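Below is one structure, written out as structure tokens; comments come after it.
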Amino acid sequence: MGNSRFEVVTVGAGIVGAACADEFARRGMRVAVVDRDGIGSGATAAGMGHIVVMDDSESQFALTRYSQQLWQRLRAELPDDVEYEQCGTIWVATDEEEMMEVRRKHAFYGERGIPTGVLDANRLKENEPNLRDDMAGGLLVPEDVVLYPPCAARFLIERARKHGAEVRLGVSVAKIGEECVRLSDGTEIRAGIIVNAAGAWSAEFTPGIEIKKRKGHLVITDRYPGFLRHQLVELGYLKSAHSLTTDSVAVNVQPRKTGQILIGSSRQYGTEHTQVDHGMLLRMLRRAQEYMPGIGPMSSLRTWTGFRAATPDKLPLIGPWPGDKSLFLATGHEGLGITTSLATARLLVDQVTGSKTEIPVEPYLPSRAAKEIAHA
Amino acid sequence: MPSPVELTVNGKPVTVPAEATVAVAMMIAGVACRTSVSGEPRSALCGMGICFECRVVINGLPHCRSCQILCQPGMDVRANE
Amino acid sequence: MNSGSTGPFDVLVVGGGPAGLSAATRVVECGKHVAIVDDNLTLGGQIWRGSPRGNPGLVDLFEPLRQSLSKLAVLSGTRVFDHPAPGVLLAEQADDVCALRYDKLILATGARERFLPFPGWTLPKVMGAGGLQAMVKSGLPIEGKRVVVAGTGPLLLAVASYLKRHGAQVVLICEQASWSALAAFGLRLIGFRQKIKEALELQGKIAGIPFAANTWPVAALGSSKLESVTISRGGKTSQIACDYLACGFHLVPNTELPLLLGCELENDNVKVDEFQETTVPGIFCAGEPLGIGGVESAIVEGAIAGLTACGQKPSGDSDLFRARRKARRFARLMERTFALRRELKDLPTTNTVVCRCEDVTYARLKQHSSWRAGKLHTRCGMGPCQGRVCGPATKFLFDWNPDSVRPPIFPARVESLATSRNGT
């Protein structure tokens with residue numbers, strides 16, 4: 001295969017790369033997508049597929065909310081195997097301190113037009129009978145959604161293809177930058193716009209990106225329809241997601257459309273191997289059983305791991321990379337890649353085409369890190 | 001001489017030879033063990049506990065591999081839907 | 001069986017079939033403590049399945065074990081599902097979980113039948129050949145029932161004979177291998193060569209059962225259960241009304257536990273040195289996981305593994321090595337004879353279910369270029385069989401190679417998965 005020329009090359013065919021390719025292609029640009037593996041093979045294959053609004057910061061909220069709305073608008077076009085299900089989230093509180101946090105979130109979302117409901121202990125039990133009896137209550141977020149990410153990524157890639165995008169899978173990339181993506185076999189794909197959407201591996205292609213791999217574990221059970229109705233997240237989840245250094249677990253349990261229960265979550269730094277860590281698995285499953293004792297006797301079929309792409313300030317990198325006019329980033333999404341993929345694509349393509357963005361992009365610009373260094 | 005075992009399959013009484021497995025009871029009763037994801041009736045395939053096609057509900061517990069479980073008197077066995 | 005930790009055993013044998021029993025026998029003869037852990041209700045594996053009566057070889061093996069019960073622990077109905085730390089395996093039983101600690105480990109995990117998809121293969125009463133035999137051994141009435149036995153391999157004859165002895169009307173044995181391949185094959189176990197000669201002379205009957213080579217199932221028909229089978233015989237199709245179809249395409253090795261433990265494989269078989277030690281020190285392997293070899297390979301390799309695990313390596317001139325060479329020569333001949341013909345790749349139609357756990361059809365799978373992509377996008381292999389049925393099928397149909405192995409290597413309760421290395 002010889003060298004070729006496009007307007008855009010997306011490096012990475014995960015959910016973010018797929019969304020970007022789709023957005024560029026639908027705006028009439030000639031797009032190529034490359035991935036060393038298949039469609040949706042990295043964190044996209046490993047993650048939970050939870051489309052969730054988060055209130056960790058105004059910027060995180062704005063991005064998750066914008067993107068969730070884009071998913072809602074896309075819903076009708078998604079094929080069955082994407083398994084889009086608006087089951088909602090319940091943030092579970094185990095004590096009065098966590099109930100205060102529930103009320104704070106309720107107020108925060110209420111002020112910003114996101115419908116939520118405060119559940120007391122009884123209402124919580126009605127909504128989720130299999131939760132342990134002595135919970136304090138929770139926050140119901142009915143518009144949150146669950147879907148199956150690899151098929152969602154495939155849908156976006158197929159739509160990009162219909163608009164002329166060329167997709168090259170099983171292709172290793174050696175170097176990117178300066179209007180060129182050089183493959184391991186020596187051939188080159190030239191383009192005025194190169195998007196680094198390589199997730200946990202982004203820094204390998206663009207040295208200087210501050211992304212660390214954050215390993216997670218998941219377990220899936222056999223089918224137990226009706227056991228769980230909403231995605232349940234413990235309020236300690238944010239503490240786990242916050243920490244930049246320690247290994248942690250936080251209960252995050254999801255009903256899949258099949259009736260299978262997906263059990264998470266864990267976060268670990270500084271480990272590169274994909275093997276299941278028995279100690280982490282133990283901690284994660286025991287904590288999940290504390291919240292839902294009925295999970296214990298369930299038949300578990302598979303466990304797996306994945307790497308999230310984590311940035312120091314917990315916000316993704318969406319925009320131009322300083323120092324190379326052709327290079328753009330769409331990466332660093334940590335646990336919110338599925339949720340924010342569509343908004344990421346919009347914000348990126350709007351920046352490239354000079355269109356007005358729907359929400360301010362400053363918090364996500366790759367140059368923000370450079371600015372901080374300059375001011376230090 | 002060990003005696004036959006009486007149990008129920010989908011609410012109906014079935015008698016099986018001593019030391020018969022629940023999968024055999026399902027076959028004698030003429031009831032498929034489970035319904036597949038796309039609605040097909042399924043029964044034991046491998047007979048050695050690895051295919052999971054023979055899953056039934058025993059005394060309320062779902063996903064039991066019936067080819068690996070001996071019938072007990074009074075067992076309540078139902079197809080795993 | 002109490003929960004918590006069990007052992008430490010000098011030697012832990014995983015699998016209670018001929019290889020495992022042979023290994024355990026040698027270990028008790030050496031005076032060491034051994035435990036056999038096996039998923040099935042009774043020992044004997046998939047071929048002998050329980051009763052030692054009528055199986056002289058098994059009685060010979062059982063005798064030393066019976067004499068040394070104080071040194072032997074038998075954990076039946078026990079499934080190994082994880083390896084949380086060196087020297088420990090986690091295993092699950094009906095109501096319990098235990099951590100099995102060991103100094104040396106012998107893997108005798110045996111084999112399972114290979115199933116290939118064809119239209120109607122998911123109908124109730126279509127079973128594996130060993131599958132139907134197992135059901136009959138577990139009490140299924142078969143007297144007077146019409147059975148077609150199909151697929152490939154010496155197991156078909158053993159199953160057909162067994163069923164006939166129990167009163168079944170075995171209408172036909174359909175062996176996909178060619179007459180010439182079979183004629184060249186000498187199976188000493190049940191006088192196969194003699195029987196093939198008989199069959200050629202007596203117009204296609206073996207032990208009184210009609211036998212056809214170059215023959216395979218094309219479709220199973222019926223509304224809610226099997227009613228008849230369409231077969232292709234010498235290029236012509238015909239239909240046979242029957243009550244059961246016992247269909248299996250030889251055997252594939254159970255290599256999940258060796259892979260989980262980090263043992264290297266070569267051509268899908270576990271690699272061992274001349275003393276049956278795998279590439280992981282202290283872990284041995286015998287029998288089918290090294291390549292389908294039948295009972296003889298299993299017994300001699302189990303013996304070598306058992307002796308070596310006790311520090312009693314057989315000397316270079318030992319009879320065991322000669323017996324093993326002979327057995328493995330036979331194993332290679334068996335593999336060649338019963339190789340799958342390429343017509344079998346064309347049996348599934350677009351709507352034929354290939355992954356039975358998730359009902360993924362042939363057409364949907366064909367679009368993908370690897371096991372991993374197929375799995376990710378269709379869920380093939382993500383069900384409770386963990387790829388044990390669809391894995392070998394897709395390997396044959398599409399040349400796909402499976403993923404790496406992760407715990408649990410057998411479905412296990414969440415609370416079992418959350419058990420510490422101490423068993424608590």
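Residue numbering restarts at 1 in every chain; chains get A, B, ... in the order shown in the structure tokens, and ligands count up from 1 in that same order.
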Give the residues of chain A that lie within 9 Å of chain C; count only C-alpha atoms, and format the answer as a ChimeraX atom specification. /A:37-41,45,81,150-151,154,219,221-222,275-279,281-286,289,295-304
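Residues from chain C that have an atom within 8 Å of chain B, counting only C-alpha atoms, are Asn40, Leu41, Gln46, Glu113, Thr122, Leu123, Pro124, Lys125, Val126, Met127, Gly128, Gly130, Gly131, Leu132, Ala134, Met135, Ser138, Gly139, Leu140, Pro141, Ser224, Arg356, Cys357, Glu358, Asp359, Pro384, Cys385, Arg388 and Val389 of chain C.
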Next, the residues of the selection above should be written as a short mmCIF file (atom, residue, chain, number, x, y, z; two decimals), in the first residue's frame with N, CA and C atoms.
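Result file follows (again36.cif):
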```
data_model
loop_
_atom_site.label_atom_id
_atom_site.label_comp_id
_atom_site.auth_asym_id
_atom_site.auth_seq_id
_atom_site.Cartn_x
_atom_site.Cartn_y
_atom_site.Cartn_z
N ASN C 40 -16.92 -33.62 37.95
CA ASN C 40 -18.06 -34.53 37.81
C ASN C 40 -18.48 -35.15 39.14
N LEU C 41 -19.63 -35.80 39.10
CA LEU C 41 -20.19 -36.38 40.32
C LEU C 41 -19.37 -37.57 40.80
N GLN C 46 -14.51 -38.67 31.40
CA GLN C 46 -15.60 -38.64 30.44
C GLN C 46 -15.74 -39.94 29.69
N GLU C 113 -15.89 -32.74 23.79
CA GLU C 113 -16.24 -33.00 22.40
C GLU C 113 -16.17 -31.72 21.59
N THR C 122 -29.35 -27.16 17.15
CA THR C 122 -29.73 -26.71 18.49
C THR C 122 -31.02 -27.35 18.99
N LEU C 123 -31.65 -28.20 18.17
CA LEU C 123 -32.89 -28.84 18.59
C LEU C 123 -32.66 -29.75 19.79
N PRO C 124 -33.59 -29.75 20.76
CA PRO C 124 -33.51 -30.74 21.83
C PRO C 124 -33.45 -32.15 21.23
N LYS C 125 -32.64 -33.00 21.84
CA LYS C 125 -32.39 -34.40 21.44
C LYS C 125 -31.31 -34.51 20.37
N VAL C 126 -30.73 -33.38 19.97
CA VAL C 126 -29.45 -33.44 19.26
C VAL C 126 -28.41 -33.23 20.34
N MET C 127 -27.55 -34.23 20.52
CA MET C 127 -26.56 -34.12 21.59
C MET C 127 -25.20 -34.54 21.07
N GLY C 128 -24.20 -34.36 21.89
CA GLY C 128 -22.90 -34.91 21.57
C GLY C 128 -22.98 -36.44 21.61
N GLY C 130 -20.62 -38.41 23.06
CA GLY C 130 -20.33 -38.63 24.48
C GLY C 130 -21.45 -38.08 25.33
N GLY C 131 -22.10 -37.04 24.84
CA GLY C 131 -23.20 -36.41 25.56
C GLY C 131 -24.36 -37.37 25.75
N LEU C 132 -24.78 -38.03 24.69
CA LEU C 132 -25.90 -38.97 24.82
C LEU C 132 -25.49 -40.16 25.68
N ALA C 134 -23.40 -40.11 28.11
CA ALA C 134 -23.40 -39.64 29.49
C ALA C 134 -24.83 -39.61 30.04
N MET C 135 -25.76 -39.17 29.22
CA MET C 135 -27.15 -39.10 29.67
C MET C 135 -27.71 -40.50 29.93
N SER C 138 -26.50 -41.74 33.01
CA SER C 138 -27.16 -41.04 34.12
C SER C 138 -28.64 -41.36 34.20
N GLY C 139 -29.09 -42.42 33.50
CA GLY C 139 -30.46 -42.89 33.70
C GLY C 139 -31.43 -42.61 32.57
N LEU C 140 -30.99 -42.05 31.46
CA LEU C 140 -31.93 -41.77 30.37
C LEU C 140 -32.36 -43.09 29.72
N PRO C 141 -33.66 -43.34 29.64
CA PRO C 141 -34.12 -44.57 28.99
C PRO C 141 -33.86 -44.49 27.48
N SER C 224 -40.26 -28.77 17.69
CA SER C 224 -39.73 -28.36 18.99
C SER C 224 -38.67 -29.33 19.49
N ARG C 356 -24.26 -20.66 20.80
CA ARG C 356 -25.56 -21.07 21.35
C ARG C 356 -25.95 -20.28 22.59
N CYS C 357 -24.95 -19.80 23.33
CA CYS C 357 -25.27 -19.04 24.54
C CYS C 357 -25.94 -17.71 24.19
N GLU C 358 -25.48 -17.07 23.14
CA GLU C 358 -25.98 -15.75 22.78
C GLU C 358 -26.74 -15.75 21.46
N ASP C 359 -26.98 -16.93 20.87
CA ASP C 359 -27.71 -17.05 19.60
C ASP C 359 -27.14 -16.15 18.51
N PRO C 384 -22.03 -18.33 29.18
CA PRO C 384 -21.52 -19.23 30.22
C PRO C 384 -20.62 -20.35 29.71
N CYS C 385 -20.71 -20.74 28.46
CA CYS C 385 -19.81 -21.81 27.99
C CYS C 385 -18.39 -21.25 27.83
N ARG C 388 -16.26 -22.60 25.08
CA ARG C 388 -15.90 -24.02 25.00
C ARG C 388 -16.61 -24.72 23.85
N VAL C 389 -17.82 -24.23 23.48
CA VAL C 389 -18.52 -24.83 22.35
C VAL C 389 -18.21 -24.06 21.08
#
```
Shell of 8 Å around Ser67 of chain A, only C-alpha atoms, local chain residues under 5 positions omitted, as a compact mmCIF listing (two decimals) with N, CA and C atoms, in the first residue's frame:
```txt
# COMPACT_ATOMS: atom_id res chain seq x y z
N THR A 339 -19.65 8.79 27.45
CA THR A 339 -20.54 9.93 27.65
C THR A 339 -20.14 11.11 26.77
N THR A 340 -18.87 11.51 26.84
CA THR A 340 -18.48 12.78 26.24
C THR A 340 -17.93 12.66 24.83
N SER A 341 -18.01 11.47 24.24
CA SER A 341 -17.44 11.29 22.90
C SER A 341 -18.10 12.20 21.88
N LEU A 342 -19.42 12.27 21.87
CA LEU A 342 -20.11 13.05 20.84
C LEU A 342 -19.82 14.54 20.99
N ALA A 343 -19.81 15.03 22.21
CA ALA A 343 -19.50 16.45 22.42
C ALA A 343 -18.05 16.74 22.07
N THR A 344 -17.17 15.80 22.39
CA THR A 344 -15.76 15.96 22.04
C THR A 344 -15.62 16.18 20.55
```
Using only C-alpha atoms, which residues sit within 10 Å of Ala181 of chain C once same-chain residues fewer than 4 positions away are excluded, as a PyMOL selection string? chain C and resi 177+185+213+333-334+336-339
7 Å contact set for segment 11-24 of chain A, only C-alpha atoms, chain neighbours under 5 positions out, as a ChimeraX atom specification: /A:29,31,33-35,39-42,44,153,156-157,159-160,195-198,330,337-338,341-342,345-346,349
Nearest residue to Lys137 of chain C from the set C:Thr42, C:Gln67, C:Ser223, C:Thr6 (distances using only C-alpha atoms): C:Thr42
